[in-house]
Structures are given as structure tokens and as C-alpha cells.
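Q: Sharing a structure here in C-alpha cells format.
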Amino acid sequence: MAHLLVVESWVGSMSRLLPRAIREGGHEFTFLTRDLHHYLRSAPEGTAHPLLGARNVLTSDTNDVDTLLPEIERLHGALGFDGVVTSCDYYLPTVARIAARLGLPGPTPESVENACRKDATRRVLGEAGVPGPRFAVCADRAEAEEAARRLGFPLVVKPVDLCAGMFVRRVDDERELADACRAIADFPVNARGQVRAPVLLLEELLDGPEVSVETVSFDGTTHVVGVTDKSVGGAPAFIETGHMFPAALAPGDTEAAQDTAVQAIKALGLDSVVAHTEIKLTPAGPRLVEVNPRPAGNRITELIRHVAGLDLAAACVDVALGRAPDLRRSDTGLRSAAVGFLVPDAAGTLEAIDGSDQVRGVQGVLEVQLAEPGRAVKAAGSNNEYLGHVMAGDAEGLGARARVESLLSGLRPRVSAR
């Protein structure tokens with residue numbers, strides 16, 4: 001039985017999938033957090049969050065890495081950790097530094113830091129010749145305005161150290177650019193209390209469908225699990241509205257996306273990691289959007305499990321323990337699986353989601369998760385404001401996305417003004 005250290009987590013699906021994978025692998029874990037109440041609040045009333053069922057639940061300032069490292073070294077001497085993991089992007093660099101400090105398996109701190117900082121990713125991949133958008137890294141709004149004149153509109157403005165599409169915006173003129181820069185500057189601390197870098201990233205707007213490539217890297221080799229397609233809405237934001245695995249692509253596009261992802265992971269020096277690499281399939285070929293050195297969110301890992309029988313949460317545990325992951329596929333009876341998200345377009349209080357009973361009873365539905373009445377709702381500006389999701393499979397072919405979109409069209413949120 002191995003003993004893992006879990007440092008913080010998202011409170012969404014991966015926060016449940018990771019503990020499950022640890023236990024199903026016959027292991028145990030210690031959970032370390034700076035704010036226990038963050039996880040207590042996220043569990044439904046009368047239940048306990050799976051992370052709090054750890055062998056040990058410890059509190060420490062996980063944002064103060066210099067103090068944290070020697071503290072964990074002392075804990076390691078007493079408890080004996082065999083690996084260290086997190087599902088939260090904001091703590092991936094910390095986990096890499098802990099693994100290096102304790103001599104445990106894991107990607108190098110430098111590779112993770114470069115993958116988690118969008119500006120560093122652009123620099124490293126640009127130097128390696130991995131195709132991406134034209135871009136500029138700007139210290140402030142004045143530099144951004146100057147860079148925009150050089151790059152030309154339309155552009156995409158991004159913070160360099162946030163996730164879930166937060167504050168990522170399309171801008172078509174100087175006024176929209178100024179508004180986007182101001183919004184980012186007005187969010188100086190992320191949701192976990194970490195002070196953000198004030199740097200802005202400007203990129204040319206890439207045309208074409210977006211996909212993600214799911215991979216597992218171990219012992220110097222990157223294994224491609226497959227390609228997931230993505231639908232995006234909410235302009236001028238970029239909100240993920242759904243996914244299907246596998247992506248319905250021409251074989252050449254699938255191969256080109258996979259090759260680009262493998263090149264990017266190699267250029268960043270990532271190993272012992274499950275990665276989720278986002279790519280735009282432009283008329284000029286694949287262009288790298290970003291590399292996430294952790295399993296995909298938004299239920300993509302579950303789409304893969306339903307179709308291919310692969311558990312990427314389990315693979316994440318395996319590589320963190322220095323063990324070869326089991327990437328064998330099995331016949332699940334499904335040829336595709338898709339998830340669609342219910343995205344709110346108005347603010348207020350959720351009264352009900354009409355049509356939910358009809359959706360739950362449809363054959364082929366794998367999951368239905370919808371917000372309860374009484375929830376405060378705001379118009380979505382990122383992937384953080386969903387009102388729920390529907391997942392369905394197709395045993396015949398690549399029809400899962402069409403099924404999900406049909407089911408979603410029957411759901412009608414009723415939101416009253418506050």
C-alpha cells in the first residue's frame with residue numbers, strides 16, 4: 001500500500017475522482033490544505049467531501065512555499081510519502097517542488113512552472129518551433145495598447161496565471177482592449193488567495209475548431225490517449241459549452257493535433273505527468289493554445305473512461321508513484337461519449353430548470369447533474385458558472401454530441417431577478 005500526499009484540490013469532479021482512484025489502487029492518502037472550510041462548504045448538506053476521508057487531514061499555509069517545503073520534509077519523516085499530487089492548477093508548481101525536495105517521482109519544477117504560466121509557455125514553445133499564435137507579453141495596459149497596434153485586431157487578451165477561461169476575452173478595438181485589461185487588473189488575487197502576476201498576454205485570434213489532446217508521459221515517452229473535441233460560446237469570452245470523445249475529425253487532423261501536443265510536451269520537458277493540451281485546428285495547421293500538466297477537467301476524463309475504459313485519474317496516481325500506468329483499452333460498448341453544459345445568460349436566483357425530469361429518463365444518458373433551486377446565478381463569463389451538465393453515449397458511432405445537444409435544448413432554466 002502506497003501513501004500519497006494530496007495538496008489542495010479543485011472542489012469539482014476531479015476532487016472526487018482522484019480520491020477514488022487512490023483507494024481503488026489500494027493506496028491511502030494524507031490531505032493538506034490551508035482552508036479546510038473550502039472543502040466543507042463544497043459538499044452537499046449531510047455529506048462529507050471525499051478528500052476529508054483521508055488517513056490524515058492536515059492544515060498548513062500551502063501558499064507559502066518556502067515555509068511549506070521544510071514542514072513537509074518533517075511530515076515525510078514521520079508519515080512516509082510515496083508520491084505527491086494535486087488536481088488544482090494553482091498548486092501544480094508547488095507539488096512539483098515538493099516532489100523534487102523529497103526525491104519523489106514527478107515532473108521537474110521548471111517544466112511545470114513553464115506550463116502553468118501562459119507567457120512562459122509561449123516563450124519556450126516559440127524557441128522550440130512549436131506552432132502557436134503571434135503574441136506579445138505586456139507589463140501593463142500601455143504596453144498592451146502598443147503591442148495591439150503591432151499585432152493588429154482582432155486579438156485575444158489573457159491573464160498569464162488563471163484558468164477556466166477567466167478573463168480571457170476577444171477584443172476588436174482599443175476600447176475593448178482597455179476594458180479587458182482593466183478587468184484583469186481588478187482581479188489581483190486568485191480564488192486561492194495567491195497574488196497574481198500583473199502581466200498581460202496578447203495573442204492573435206486563431207480561426208478553426210478547438211480540440212484537446214489527452215496524454216500520459218512516463219519514463220521519457222508520451223502516450224497519446226486520444227483527441228477530444230470542444231464547443232465554445234459566450235463571446236467575447238471563451239466558455240466551453242461541451243466536449244465529445246473521440247473528436248469527429250479527419251484522420252490527418254487527428255494525427256496533426258496529436259503530433260503538435262507531443263512536440264509541446266517534449267519542448268516543455270514534461271514527464272511523469274498526465275496532460276491536457278489544447279490546440280486550434282486553423283487553415284494553416286494546428287496551433288498550440290496551452291498545455292495543462294494535469295488530467296482534463298469538465299468531465300473529459302469520464303468521457304474517456306466510458307468510451308475507452310481508461311482511467312486517467314488512476315494514471316495520474318500511477319505516474320506520481322513512479323509506476324507505469326495501465327493504458328490498455330477495453331470494449332465498453334460505446335463508440336463516443338459527450339457532455340454538454342448548461343450555461344446561464346442572465347443573473348438572478350434559480351427558480352427551477354424545466355425539462356429536467358424528461359432528460360433524466362432518456363436512454364443512453366450517462367450523467368445528469370443540475371443546480372438546485374435557490375442558487376444565485378450570474379451570466380457566465382468563464383467555465384465557473386455552469387448550471388449543470390448532461391452526458392450521453394452512442395454505441396453506434398460519433399453521434400453522442402448530437403444527442404447531448406438535443407437533450408440540452410429541452411432544458412430551460414427559470415431565473416428570477418434578484
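Letters A, B, ... go to the chains of the C-alpha cells in the order shown; residues in each chain start at 1; ligands are counted from 1 in the same order.
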Can you tell me which residues surround A:Gly348 at a distance of at most 12 Å, considering only C-alpha atoms, apart from same-chain residues fewer than 3 positions away, and format the answer as a PyMOL selection string?

A: chain A and resi 344-345+351-352+373-380+413-418

Q: Those selected residues, please, written with all heavy atoms and delivered as a CSV table (one decimal), in the first residue's frame.

A:
```
chain,number,residue,atom,x,y,z
A,344,PRO,N,-25.6,29.7,-18.1
A,344,PRO,CA,-26.6,30.8,-17.8
A,344,PRO,C,-26.3,32.1,-18.6
A,344,PRO,O,-25.1,32.4,-18.8
A,344,PRO,CB,-26.4,31.0,-16.3
A,344,PRO,CG,-25.0,30.7,-16.0
A,344,PRO,CD,-24.7,29.5,-16.9
A,345,ASP,N,-27.3,32.8,-19.0
A,345,ASP,CA,-27.1,34.0,-19.7
A,345,ASP,C,-27.8,35.2,-19.0
A,345,ASP,O,-27.9,36.3,-19.6
A,345,ASP,CB,-27.6,33.9,-21.2
A,345,ASP,CG,-29.1,33.5,-21.3
A,345,ASP,OD1,-29.8,33.5,-20.2
A,345,ASP,OD2,-29.6,33.3,-22.4
A,351,GLU,N,-35.0,29.6,-10.0
A,351,GLU,CA,-36.2,29.0,-9.5
A,351,GLU,C,-36.4,27.6,-9.9
A,351,GLU,O,-36.9,26.8,-9.0
A,351,GLU,CB,-37.4,29.8,-10.1
A,351,GLU,CG,-37.5,31.3,-9.7
A,351,GLU,CD,-38.7,32.0,-10.2
A,351,GLU,OE1,-39.5,31.4,-11.0
A,351,GLU,OE2,-39.0,33.1,-9.7
A,352,ALA,N,-36.0,27.2,-11.1
A,352,ALA,CA,-36.2,25.8,-11.5
A,352,ALA,C,-35.5,25.6,-12.8
A,352,ALA,O,-35.2,26.6,-13.5
A,352,ALA,CB,-37.6,25.4,-11.6
A,373,PRO,N,-32.8,24.6,-7.1
A,373,PRO,CA,-33.4,25.9,-7.0
A,373,PRO,C,-32.9,26.7,-5.8
A,373,PRO,O,-32.5,26.1,-4.8
A,373,PRO,CB,-34.9,25.5,-6.8
A,373,PRO,CG,-35.0,24.2,-7.4
A,373,PRO,CD,-33.7,23.5,-7.2
A,374,GLY,N,-32.9,28.0,-5.9
A,374,GLY,CA,-32.4,28.9,-4.9
A,374,GLY,C,-30.9,29.3,-5.1
A,374,GLY,O,-30.5,30.2,-4.4
A,375,ARG,N,-30.3,28.7,-6.0
A,375,ARG,CA,-28.9,29.1,-6.3
A,375,ARG,C,-28.8,30.5,-6.9
A,375,ARG,O,-29.6,30.9,-7.8
A,375,ARG,CB,-28.2,28.1,-7.2
A,375,ARG,CG,-26.8,28.5,-7.7
A,375,ARG,CD,-26.2,27.4,-8.4
A,375,ARG,NE,-25.1,27.9,-9.2
A,375,ARG,CZ,-24.3,27.1,-9.9
A,375,ARG,NH1,-24.4,25.8,-9.9
A,375,ARG,NH2,-23.3,27.6,-10.7
A,376,ALA,N,-27.8,31.3,-6.4
A,376,ALA,CA,-27.5,32.6,-7.1
A,376,ALA,C,-26.9,32.3,-8.4
A,376,ALA,O,-25.9,31.6,-8.5
A,376,ALA,CB,-26.6,33.4,-6.2
A,377,VAL,N,-27.4,33.0,-9.4
A,377,VAL,CA,-26.9,32.8,-10.8
A,377,VAL,C,-26.4,34.1,-11.3
A,377,VAL,O,-26.9,35.2,-11.1
A,377,VAL,CB,-28.0,32.3,-11.7
A,377,VAL,CG1,-27.6,32.2,-13.1
A,377,VAL,CG2,-28.6,31.1,-11.2
A,378,LYS,N,-25.3,34.1,-12.1
A,378,LYS,CA,-24.8,35.2,-12.8
A,378,LYS,C,-24.5,34.8,-14.2
A,378,LYS,O,-24.2,33.7,-14.5
A,378,LYS,CB,-23.6,35.9,-12.1
A,378,LYS,CG,-22.3,35.0,-12.1
A,378,LYS,CD,-21.2,35.8,-11.5
A,378,LYS,CE,-19.9,35.0,-11.5
A,378,LYS,NZ,-18.8,35.8,-10.9
A,379,ALA,N,-24.6,35.7,-15.2
A,379,ALA,CA,-24.3,35.4,-16.6
A,379,ALA,C,-22.9,35.0,-16.7
A,379,ALA,O,-22.0,35.6,-16.1
A,379,ALA,CB,-24.6,36.7,-17.4
A,380,ALA,N,-22.7,33.9,-17.4
A,380,ALA,CA,-21.4,33.2,-17.4
A,380,ALA,C,-20.4,34.1,-18.1
A,380,ALA,O,-20.6,34.6,-19.2
A,380,ALA,CB,-21.5,31.9,-18.1
A,413,PRO,N,-33.7,26.9,-17.9
A,413,PRO,CA,-33.6,27.5,-16.6
A,413,PRO,C,-34.5,28.7,-16.4
A,413,PRO,O,-34.7,29.5,-17.3
A,413,PRO,CB,-32.1,28.0,-16.5
A,413,PRO,CG,-31.5,27.3,-17.7
A,413,PRO,CD,-32.5,27.1,-18.7
A,414,ARG,N,-35.2,28.7,-15.3
A,414,ARG,CA,-36.0,29.9,-14.9
A,414,ARG,C,-35.3,30.7,-13.8
A,414,ARG,O,-35.1,30.1,-12.7
A,414,ARG,CB,-37.4,29.5,-14.4
A,414,ARG,CG,-38.4,29.1,-15.5
A,414,ARG,CD,-39.8,29.0,-15.0
A,414,ARG,NE,-40.0,27.7,-14.4
A,414,ARG,CZ,-40.5,27.5,-13.2
A,414,ARG,NH1,-40.7,28.5,-12.4
A,414,ARG,NH2,-40.7,26.2,-12.7
A,415,VAL,N,-34.9,31.9,-14.2
A,415,VAL,CA,-34.1,32.7,-13.3
A,415,VAL,C,-34.9,34.0,-13.0
A,415,VAL,O,-35.3,34.7,-13.9
A,415,VAL,CB,-32.7,33.1,-13.9
A,415,VAL,CG1,-31.9,34.0,-13.0
A,415,VAL,CG2,-31.9,31.8,-14.2
A,416,SER,N,-35.1,34.3,-11.7
A,416,SER,CA,-35.8,35.5,-11.3
A,416,SER,C,-34.8,36.5,-11.0
A,416,SER,O,-33.7,36.3,-10.5
A,416,SER,CB,-36.7,35.2,-10.1
A,416,SER,OG,-36.0,34.8,-9.0
A,417,ALA,N,-35.2,37.8,-11.2
A,417,ALA,CA,-34.3,38.9,-10.9
A,417,ALA,C,-34.1,39.0,-9.4
A,417,ALA,O,-35.0,38.8,-8.7
A,417,ALA,CB,-34.9,40.2,-11.5
A,418,ARG,N,-32.9,39.4,-9.0
A,418,ARG,CA,-32.6,39.5,-7.6
A,418,ARG,C,-33.3,40.7,-7.0
A,418,ARG,O,-33.5,41.7,-7.6
A,418,ARG,CB,-31.1,39.6,-7.4
A,418,ARG,CG,-30.4,38.3,-7.7
A,418,ARG,CD,-28.9,38.5,-7.6
A,418,ARG,NE,-28.2,37.3,-8.0
A,418,ARG,CZ,-26.8,37.2,-8.1
A,418,ARG,NH1,-26.1,38.3,-7.9
A,418,ARG,NH2,-26.3,36.1,-8.5
```

Q: Can you list, as a VMD selection string, every residue of stretch 181-311 of chain A that DSSP puts in strand (DSSP E or B)?

A: chain A and resid 189 195 200 to 204 210 to 218 221 to 233 237 239 to 245 273 to 282 285 to 292

Q: Show which residues sit within 9 Å of A:Cys116, as a PyMOL selection string. Count only C-alpha atoms, and ignore same-chain residues fewer than 4 positions away.

A: chain A and resi 89-90+92-93+111-112+120-121+160-162+290-293

Q: Would you output that residue set with N, CA and C atoms, as a PDB file, in the first residue's frame?

A:
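Final output, selection-v3.pdb:
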```pdb
ATOM      1  N   ASP A  89      -4.832  23.546 -10.481  1.00  0.00           N
ATOM      2  CA  ASP A  89      -3.766  24.165 -11.286  1.00  0.00           C
ATOM      3  C   ASP A  89      -2.862  25.075 -10.455  1.00  0.00           C
ATOM      4  N   TYR A  90      -3.441  25.789  -9.503  1.00  0.00           N
ATOM      5  CA  TYR A  90      -2.672  26.780  -8.753  1.00  0.00           C
ATOM      6  C   TYR A  90      -1.628  26.150  -7.837  1.00  0.00           C
ATOM      7  N   LEU A  92       0.003  23.069  -8.801  1.00  0.00           N
ATOM      8  CA  LEU A  92       0.860  22.156  -9.570  1.00  0.00           C
ATOM      9  C   LEU A  92       2.343  22.490  -9.422  1.00  0.00           C
ATOM     10  N   PRO A  93       2.756  23.767  -9.520  1.00  0.00           N
ATOM     11  CA  PRO A  93       4.178  24.057  -9.297  1.00  0.00           C
ATOM     12  C   PRO A  93       4.635  23.718  -7.876  1.00  0.00           C
ATOM     13  N   SER A 111       9.653  22.590 -15.565  1.00  0.00           N
ATOM     14  CA  SER A 111       8.733  22.237 -16.646  1.00  0.00           C
ATOM     15  C   SER A 111       7.292  22.562 -16.272  1.00  0.00           C
ATOM     16  N   VAL A 112       6.923  22.336 -15.020  1.00  0.00           N
ATOM     17  CA  VAL A 112       5.561  22.617 -14.580  1.00  0.00           C
ATOM     18  C   VAL A 112       5.318  24.121 -14.507  1.00  0.00           C
ATOM     19  N   ALA A 120       5.306  32.048 -20.175  1.00  0.00           N
ATOM     20  CA  ALA A 120       6.485  31.186 -20.255  1.00  0.00           C
ATOM     21  C   ALA A 120       6.273  30.076 -21.282  1.00  0.00           C
ATOM     22  N   THR A 121       5.044  29.538 -21.347  1.00  0.00           N
ATOM     23  CA  THR A 121       4.741  28.515 -22.352  1.00  0.00           C
ATOM     24  C   THR A 121       4.986  29.051 -23.751  1.00  0.00           C
ATOM     25  N   VAL A 160      -1.931  35.669 -17.387  1.00  0.00           N
ATOM     26  CA  VAL A 160      -0.945  34.601 -17.622  1.00  0.00           C
ATOM     27  C   VAL A 160      -1.027  33.477 -16.599  1.00  0.00           C
ATOM     28  N   ASP A 161      -1.845  33.641 -15.528  1.00  0.00           N
ATOM     29  CA  ASP A 161      -1.789  32.673 -14.435  1.00  0.00           C
ATOM     30  C   ASP A 161      -3.156  32.353 -13.841  1.00  0.00           C
ATOM     31  N   LEU A 162      -4.193  32.434 -14.666  1.00  0.00           N
ATOM     32  CA  LEU A 162      -5.509  31.981 -14.238  1.00  0.00           C
ATOM     33  C   LEU A 162      -5.947  30.823 -15.127  1.00  0.00           C
ATOM     34  N   GLU A 290      -2.605  25.940 -25.203  1.00  0.00           N
ATOM     35  CA  GLU A 290      -1.936  25.824 -23.911  1.00  0.00           C
ATOM     36  C   GLU A 290      -1.745  24.363 -23.551  1.00  0.00           C
ATOM     37  N   VAL A 291      -0.826  24.117 -22.630  1.00  0.00           N
ATOM     38  CA  VAL A 291      -0.558  22.784 -22.105  1.00  0.00           C
ATOM     39  C   VAL A 291      -0.884  22.800 -20.618  1.00  0.00           C
ATOM     40  N   ASN A 292      -1.781  21.918 -20.200  1.00  0.00           N
ATOM     41  CA  ASN A 292      -2.145  21.796 -18.792  1.00  0.00           C
ATOM     42  C   ASN A 292      -1.545  20.511 -18.240  1.00  0.00           C
ATOM     43  N   PRO A 293      -0.588  20.597 -17.312  1.00  0.00           N
ATOM     44  CA  PRO A 293       0.086  19.382 -16.826  1.00  0.00           C
ATOM     45  C   PRO A 293      -0.699  18.672 -15.731  1.00  0.00           C
TER      46      PRO A 293
END
```

Q: Using only C-alpha atoms, what does the table of stretch 184-215 of chain A residues within 12 Å of stretch 57-74 of chain A look like, with each row giving the shortest atom pair and its distance in Å to one decimal, sorted by chain and ascending number, as a tab-separated table?

A:
```
residue	atom	partner	partner_atom	distance
A:Val189	CA	A:Asn63	CA	11.9
A:Asn190	CA	A:Asn63	CA	11.4
A:Ala191	CA	A:Asn63	CA	11.8
A:Arg192	CA	A:Asn63	CA	8.3
A:Gly193	CA	A:Asn63	CA	7.7
A:Gln194	CA	A:Asn63	CA	6.6
A:Val195	CA	A:Asn63	CA	9.5
A:Arg196	CA	A:Asn63	CA	12.0
```

Q: Skipping near chain neighbours, those fewer than 5 positions away, what residues fall within 9 Å of A:Glu367 using only C-alpha atoms, listed as a list of chain:residue names?

A: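 Once the adjacent positions are removed, what remains is A:Val339, A:Arg360, A:His389, A:Val390, A:Met391, A:Ala392.
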
Q: Write out as a ChimeraX atom specification the residues lying within 8 Å of A:Thr222, counting only C-alpha atoms and excluding same-chain residues fewer than 4 positions away.

A: /A:215-218,262,265,271
